[in-house]
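Report on the following structure.
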Amino acid sequence: MISNRIGKKLGLIIVGVFLVVLVALGFALDVMFSNFYRTEMTTRVEELSKHMVAMASSPNTTTQEMIKDFAEFSEVSVFYVDGKENIVLHSGRHIPADRSFIQSEDVSSILSGSKVREEYTDDRGQRFFMIGMPVSHGDGQTEALYVLASSSHMESSLRNVRQLLVLAGLGAFLLALGITWLIAQILSRPLLQMQRATRKIAAGELETRLDISSRDEVGSLAESINDLAAHLQRYRDSQQEFFANISHELRTPITYLEGYAKVLKNRLYETDEERDQYLGIIEQESLRLQRLVNDLFELAKMEEGRFELNPDLLEFEEIVEQAVHKMEWRAKQKGLELKLDCHGPLPRLRGDGLRMEQIVINLLDNAISYTEEGSIIVTVDTRESRLLFAVEDTGVGIPENELSLIFERFYRVEKSRSRKFGGTGLGLSIVKKLVELQGGEIYVISTPGTGSRFEVTFPFPSPVEETGGTPR
């Protein structure tokens, strides 16, 4: 069983990113709430201090009692300090004996009309917000009023908020962990399928296919793997068929050679005419075997890229005329009419003259072989700034489902009459290779029982290529 390591890695990455974001968010919320509570506490203490300063500045004799009541109601501690740093009035839970927050420089600053604000921690570790403000009387005397508010309520609220943040973060983390695991499984599942499929393909199970239909990069990759498997399967089948065909094609002439050679060696013939007939068969099969080997050797060189061309500027219509003249005798032997329709003059074409002639002769030979009666029309013309060469016959035709196969090695449409039509089954494969090597394209249009039309197009050379060729 394949371990889902990619799912684990993907999950760890997502969880790690989420954890960093969650911690950063929690820290930001903690700072935000802390600042909010501290600001609110400071504002509240400052407002209380202003009210108490206003009450202390009043000449009313009940001022001190009012300040005490107001301090107890507001849950703050008040210290009223005169110019000699003596505590004139005290109210609240803060013990009067603790005078560590009263500093001489602060008192001097307050008496001169300034305001003092700071956070203070007593000996027991309790924290207070402290504000010192000046109190001015009508007789010109100034005293200092200290207001201390405990931060215990604020800290308790902050602890509650932090607990909620921790619980919410933990819940969010667990939820994210589950979602991440699910996402990692969903995202990694097709990758694991691809891994298993590619291992099967590498082991030779080329029928393996992936059933992934997502319209994204993963789906495109799965489609590419399926295309690769199909291509490898076709290549394997083609290779197996190639070896089977070549074995059959070689075995047939060898069998003839061996059989008739034994007949001649053992003098199993009765007349000289019969002997000459057997020698003719041996010669015919020898030529057939030689042609097959030559075609195989030539096709192998093309596929391996070791095939050399000698390109030059050519008069293509002249090449076609010569090839048609060479093949006229074969057409006449079968009672066929061979016509040439050349729409000249045509621009010169860059290519290998011998290979161009081979293309023309192979297509003419194929047309003559598969045509029993009627005519063969050869056309040379231009089409969309390209040279067009076409061979149209009135032969047996090609079924539509076999059109894409006729350029494969050893493929014959009329398999039952392959010996009658002759050939090695490599002619069209060689034609296609030669056409493509010289920048051309080949097409076929056919109707069974009516005939076939092979069309070859070549691009005309550019002005630079033309000036580099031989003069006309």
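Starting from 1 in every chain, residues are counted up; chains themselves are A, B, ... following the order of the structure tokens, and ligands are numbered from 1 as listed.
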Report as a PyMOL selection string: the residues of segment 24-265 of chain A with a DSSP assignment of alpha helix (DSSP H), based on the backbone of this structure. chain A and resi 24-56+63-74+104-111+152-202+217-265
When you count only C-alpha atoms, which of these residues is closest to Glu118 of chain A: A:Val76, A:Val45, A:Leu19, A:Leu182? A:Val45
Do a neighbour search on Pro134 of chain A at 7 Å with only C-alpha atoms, toss out local chain neighbours closer than 5 positions, and write the hits as a list in words. Ile110, Leu111, Gly113, Ser114, Thr142, Glu143, Ala144 and Leu145 of chain A
If we count only C-alpha atoms, what is near Lys432 of chain A at a cut-off of 12 Å, once residues fewer than 4 positions away on the same chain are taken out, given as a count of residues only? 31
Excluding same-chain residues fewer than 3 positions from Thr379 of chain A, what lies within 8 Å of it counting only C-alpha atoms, as number ranges by chain? A: 340-343, 388-391
